[in-house]
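Undergrad: Sharing a structure here in structure tokens format.
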Amino acid sequence: MVALCGSLTIGCSLGFSSPAESGIMEDLGLSVAAFSVFGSILTAGGIVGALVNGTIADFIGRRGTLWFSEIFCIAGWLAIAFAKNAWWLDLGRLSLGFANGLIAYVVPIYIAEITPKNLRGGFTSANQLMICCGVSLMYFIGNVVTWRILALIGAIPCMLELLGLIFIPESPRWLAKIGKEKEFETSLQRLRGRNADISQEAADIRDYTEALKQHSNSRLLDLFQRRYAHSLIVGVGLMLLVQFGGNNVITAYSSSIFNEAGFSSSIGTISMAIIQIPATIASVLLTDKLGRRPLLMVSTAGICLSCFLVGLSFLFQDLHKWKELTPILVYIGIMGYCVAYSIGMAGLPWVIVSEVFPMNVKGSAGSLVSLVNWLCSWIVTYNFNFMMEWSSAGTFFIYMGICGLAVLFVAKLVPETKGRVLEEIQASITHFHQ
């Protein structure tokens with residue numbers, strides 16, 4: 001739960017700009033262009049964070065990285081809350097983005113490395129649940145408090161995590177990697193319970209870590225060796241498909257999509273905030289029961305169908321036929337998208353990324369995968385308005401096609417990792433045996 005406070009922080013930062021927009025523009029006299037910079041600079045900070053997250057996590061540990069990131073979070077929220085001009089707003093938002101770039105990688109990695117194999121998927125999926133809760137929290141509270149108070153509320157999860165980090169252990173796998181044997185066993189025993197027998201698990205982790213040291217790789221270019229090709233294709237491919245499937249534009253531009261369809265944006269966005277939480281809870285509960293692949297298949301197929309429905313409704317609008325159906329079809333399509341996305345593609349790609357890369361390349365792999373995720377997020381959100389001006393229907397049909405490719409990608413390339421220890425998954429996917 002302490003680590004998941006970081007995910008709640010990401011959700012708060014993502015959900016802050018929408019309810020705060022009118023208040024910030026009015027109080028500080030910002031133009032639409034200036035507020036657009038404020039909104040998008042979060043992604044710029046995330047790209048910077050993605051470049052260094054793996055290196056920092058390998059150097060100071062998973063718990064140390066969380067501690068480091070929360071300092072930037074608190075500083076960012078305070079800079080926004082007490083901002084007197086656009087410069088302080090942007091600096092605070094950039095600081096939040098940098099912290100998000102670290103947290104988005106290290107939280108699922110830390111959870112995957114400390115949890116037993118039968119609980120790992122559900123706990124790692126809870127990362128996305130907390131992000132959804134953070135977004136919804138900002139949406140609801142933002143309607144009743146000022147944007148400065150909202151920013152101070154956003155800092156509360158950061159402070160709770162800073163306190164909580166004092167009481168949680170470091171990742172035993174990271175401790176084994178850096179050769180701290182006594183701390184490794186103490187951490188593992190603390191995580192499994194005082195009376196639990198950890199001898200076999202500790203031996204497996206120790207043996208695999210020792211074997212990996214003979215093939216130690218620390219440079220990014222070493223990641224592009226043949227034995228890591230499958231892991232790399234899976235990790236990078238999932239991030240590409242998640243972003244180019246339109247996820248971030250649905251979150252960032254939902255109001256304008258509803259407005260263009262002639263549907264109430266307030267009803268639409270509140271419905272989105274409500275519906276995502278039970279759908280994400282379902283994902284958390286089902287990940288370790290049904291497995292990663294079935295949920296990803298259902299999720300990508302559902303997103304594909306939802307994009308088709310939205311695209312079809314805008315096509316009716318463009319052809320001036322059945323225009324009265326457009327608002328309700330867009331609403332159903334966006335709600336369907338939110339449910340389908342939350343069930344699988346929202347959190348499971350990060351679960352799989354946290355599982356498929358061996359410890360010796362996990363740092364450089366995490367940086368690369370995070371960088372691809374943040375860059376693609378920026379590309380899609382930047383181009384969305386231009387694409388909608390070109391063709392609303394065409395935009396969503398393109399997303400539909402990409403989601404269709406995602407179904408095939410998951411079916412053919414993504415391994416099932418349910419119920420397997422990390423060392424077994426990594427050895428099988430890299431064809432590397434002890």
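If you're wondering about the labels, chains in the structure tokens are A, B, ... by order shown, residues count from 1 in each chain, ligands from 1 in order shown.
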Against segment 123-143 of chain A, which residues of segment 335-407 of chain A fall within 10 Å? For each one I want the closest pair of atoms and the distance in Å (one decimal), counting only C-alpha atoms, rows by chain and increasing residue number, as a tab-separated table.

TA:
```
residue	atom	partner	partner_atom	distance
A:Ser342	CA	A:Gln128	CA	8.0
A:Ile343	CA	A:Ser125	CA	9.5
A:Gly344	CA	A:Ser125	CA	8.9
A:Met345	CA	A:Gln128	CA	9.8
A:Ala346	CA	A:Gln128	CA	6.4
A:Gly347	CA	A:Gln128	CA	5.0
A:Leu348	CA	A:Ser125	CA	6.3
A:Pro349	CA	A:Ser125	CA	9.4
A:Trp350	CA	A:Thr124	CA	8.0
A:Val351	CA	A:Thr124	CA	5.8
A:Ile352	CA	A:Thr124	CA	9.4
A:Ser354	CA	A:Thr124	CA	8.7
```

Undergrad: Would you mind listing what lies within 9 Å of Arg173 of chain A as a PyMOL selection string, with only C-alpha atoms counted and same-chain residues fewer than 5 positions away left out?

TA: chain A and resi 113-114+178+184+188+205-206+209+359

Undergrad: Could you give me, as a list in words, the residues within 9 Å of Cys403 of chain A, counting only C-alpha atoms and dropping anything in the same chain fewer than 5 positions from it?

TA: Leu241, Val242, Phe244, Gly245, Gly246, Thr300, Ala301, Gly302, Ile303, Cys304, Leu305, Cys307, Ile398 and Leu408 of chain A

Undergrad: Can I get the selected residues back with all heavy atoms, as a CSV table (one decimal), in the first residue's frame?

TA:
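Final output, saved to selection20.csv:
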```
chain,number,residue,atom,x,y,z
A,241,LEU,N,1.5,0.0,-28.6
A,241,LEU,CA,0.0,-0.3,-28.9
A,241,LEU,C,-0.9,0.4,-27.9
A,241,LEU,O,-2.0,0.9,-28.2
A,241,LEU,CB,-0.2,-1.8,-28.9
A,241,LEU,CG,0.5,-2.5,-30.1
A,241,LEU,CD1,0.6,-4.0,-29.9
A,241,LEU,CD2,-0.2,-2.2,-31.4
A,242,VAL,N,-0.5,0.5,-26.6
A,242,VAL,CA,-1.3,1.1,-25.6
A,242,VAL,C,-1.5,2.6,-26.0
A,242,VAL,O,-2.6,3.1,-25.9
A,242,VAL,CB,-0.6,1.1,-24.2
A,242,VAL,CG1,-1.2,2.1,-23.2
A,242,VAL,CG2,-0.8,-0.3,-23.6
A,244,PHE,N,-0.7,4.3,-29.0
A,244,PHE,CA,-1.3,4.6,-30.3
A,244,PHE,C,-2.7,4.1,-30.5
A,244,PHE,O,-3.4,4.4,-31.5
A,244,PHE,CB,-0.4,4.0,-31.4
A,244,PHE,CG,0.9,4.9,-31.6
A,244,PHE,CD1,2.1,4.3,-31.5
A,244,PHE,CD2,0.8,6.2,-31.8
A,244,PHE,CE1,3.3,5.0,-31.6
A,244,PHE,CE2,2.0,7.0,-32.0
A,244,PHE,CZ,3.2,6.4,-31.9
A,245,GLY,N,-3.2,3.3,-29.5
A,245,GLY,CA,-4.6,2.9,-29.4
A,245,GLY,C,-5.5,4.0,-28.9
A,245,GLY,O,-6.7,3.8,-28.9
A,246,GLY,N,-4.9,5.1,-28.5
A,246,GLY,CA,-5.8,6.3,-28.2
A,246,GLY,C,-6.1,6.5,-26.7
A,246,GLY,O,-6.9,7.4,-26.4
A,300,THR,N,-8.2,-5.7,-25.5
A,300,THR,CA,-7.9,-5.1,-26.8
A,300,THR,C,-9.0,-5.3,-27.8
A,300,THR,O,-9.3,-4.3,-28.6
A,300,THR,CB,-6.6,-5.7,-27.4
A,300,THR,OG1,-6.7,-7.2,-27.3
A,300,THR,CG2,-5.3,-5.3,-26.7
A,301,ALA,N,-9.7,-6.4,-27.7
A,301,ALA,CA,-10.9,-6.6,-28.6
A,301,ALA,C,-12.0,-5.6,-28.2
A,301,ALA,O,-12.7,-5.0,-29.1
A,301,ALA,CB,-11.4,-8.0,-28.4
A,302,GLY,N,-12.2,-5.4,-26.9
A,302,GLY,CA,-13.2,-4.4,-26.5
A,302,GLY,C,-12.9,-3.0,-26.9
A,302,GLY,O,-13.8,-2.2,-27.3
A,303,ILE,N,-11.6,-2.6,-26.8
A,303,ILE,CA,-11.2,-1.3,-27.2
A,303,ILE,C,-11.4,-1.1,-28.7
A,303,ILE,O,-11.9,0.0,-29.2
A,303,ILE,CB,-9.7,-1.0,-26.8
A,303,ILE,CG1,-9.6,-1.0,-25.3
A,303,ILE,CG2,-9.2,0.3,-27.4
A,303,ILE,CD1,-8.1,-1.0,-24.9
A,304,CYS,N,-11.1,-2.1,-29.5
A,304,CYS,CA,-11.2,-2.1,-30.9
A,304,CYS,C,-12.7,-1.9,-31.3
A,304,CYS,O,-13.0,-1.0,-32.1
A,304,CYS,CB,-10.7,-3.4,-31.5
A,304,CYS,SG,-10.7,-3.5,-33.3
A,305,LEU,N,-13.6,-2.6,-30.6
A,305,LEU,CA,-15.0,-2.5,-30.9
A,305,LEU,C,-15.5,-1.1,-30.5
A,305,LEU,O,-16.3,-0.5,-31.2
A,305,LEU,CB,-15.8,-3.6,-30.1
A,305,LEU,CG,-17.3,-3.7,-30.3
A,305,LEU,CD1,-17.6,-4.0,-31.8
A,305,LEU,CD2,-17.9,-4.7,-29.4
A,307,CYS,N,-13.8,1.7,-30.4
A,307,CYS,CA,-13.3,2.7,-31.3
A,307,CYS,C,-14.1,2.7,-32.6
A,307,CYS,O,-14.4,3.7,-33.2
A,307,CYS,CB,-11.8,2.5,-31.6
A,307,CYS,SG,-10.7,3.0,-30.3
A,398,ILE,N,-8.7,4.7,-37.3
A,398,ILE,CA,-7.2,4.4,-37.2
A,398,ILE,C,-6.9,3.8,-35.8
A,398,ILE,O,-6.2,2.8,-35.8
A,398,ILE,CB,-6.4,5.7,-37.4
A,398,ILE,CG1,-6.5,6.2,-38.8
A,398,ILE,CG2,-4.9,5.5,-36.9
A,398,ILE,CD1,-5.9,7.6,-39.0
A,408,LEU,N,-3.8,-9.3,-32.3
A,408,LEU,CA,-2.9,-10.3,-32.9
A,408,LEU,C,-1.6,-10.3,-32.2
A,408,LEU,O,-1.0,-11.4,-32.0
A,408,LEU,CB,-2.7,-9.9,-34.4
A,408,LEU,CG,-3.9,-9.9,-35.3
A,408,LEU,CD1,-3.6,-9.5,-36.7
A,408,LEU,CD2,-4.5,-11.4,-35.3
```

Undergrad: Leaving out segment 289-292 of chain A and any residue of its chain fewer than 4 positions from it, which residues lie within 7 Å of it when counting only C-alpha atoms, given as a count of residues only?

TA: 5

Undergrad: For a quick check of understanding, using only C-alpha atoms, which of A:Val339, A:Ala229, A:Ile80, A:Ile156 has the smallest distance to Ile281 of chain A?

TA: A:Val339

Undergrad: Identify all residues of segment 14-231 of chain A in alpha helix (DSSP H) (DSSP on the backbone) and supply them as a count of residues only.

TA: 168

Undergrad: Pick out the residues sitting within 12 Å of Ala50 of chain A, and hand them over as a PyMOL selection string; count only C-alpha atoms, and ignore anything fewer than 6 positions along from it in its own chain.

TA: chain A and resi 43-44+56-57+97-106+363-375

Undergrad: For a quick check of understanding, using only C-alpha atoms, which of A:Phe308, A:Trp147, A:Tyr253, A:Phe357 has the smallest distance to Ala112 of chain A?

TA: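 Ranking A:Phe308, A:Trp147, A:Tyr253, A:Phe357 by distance to Ala112 of chain A, first place goes to A:Phe357.
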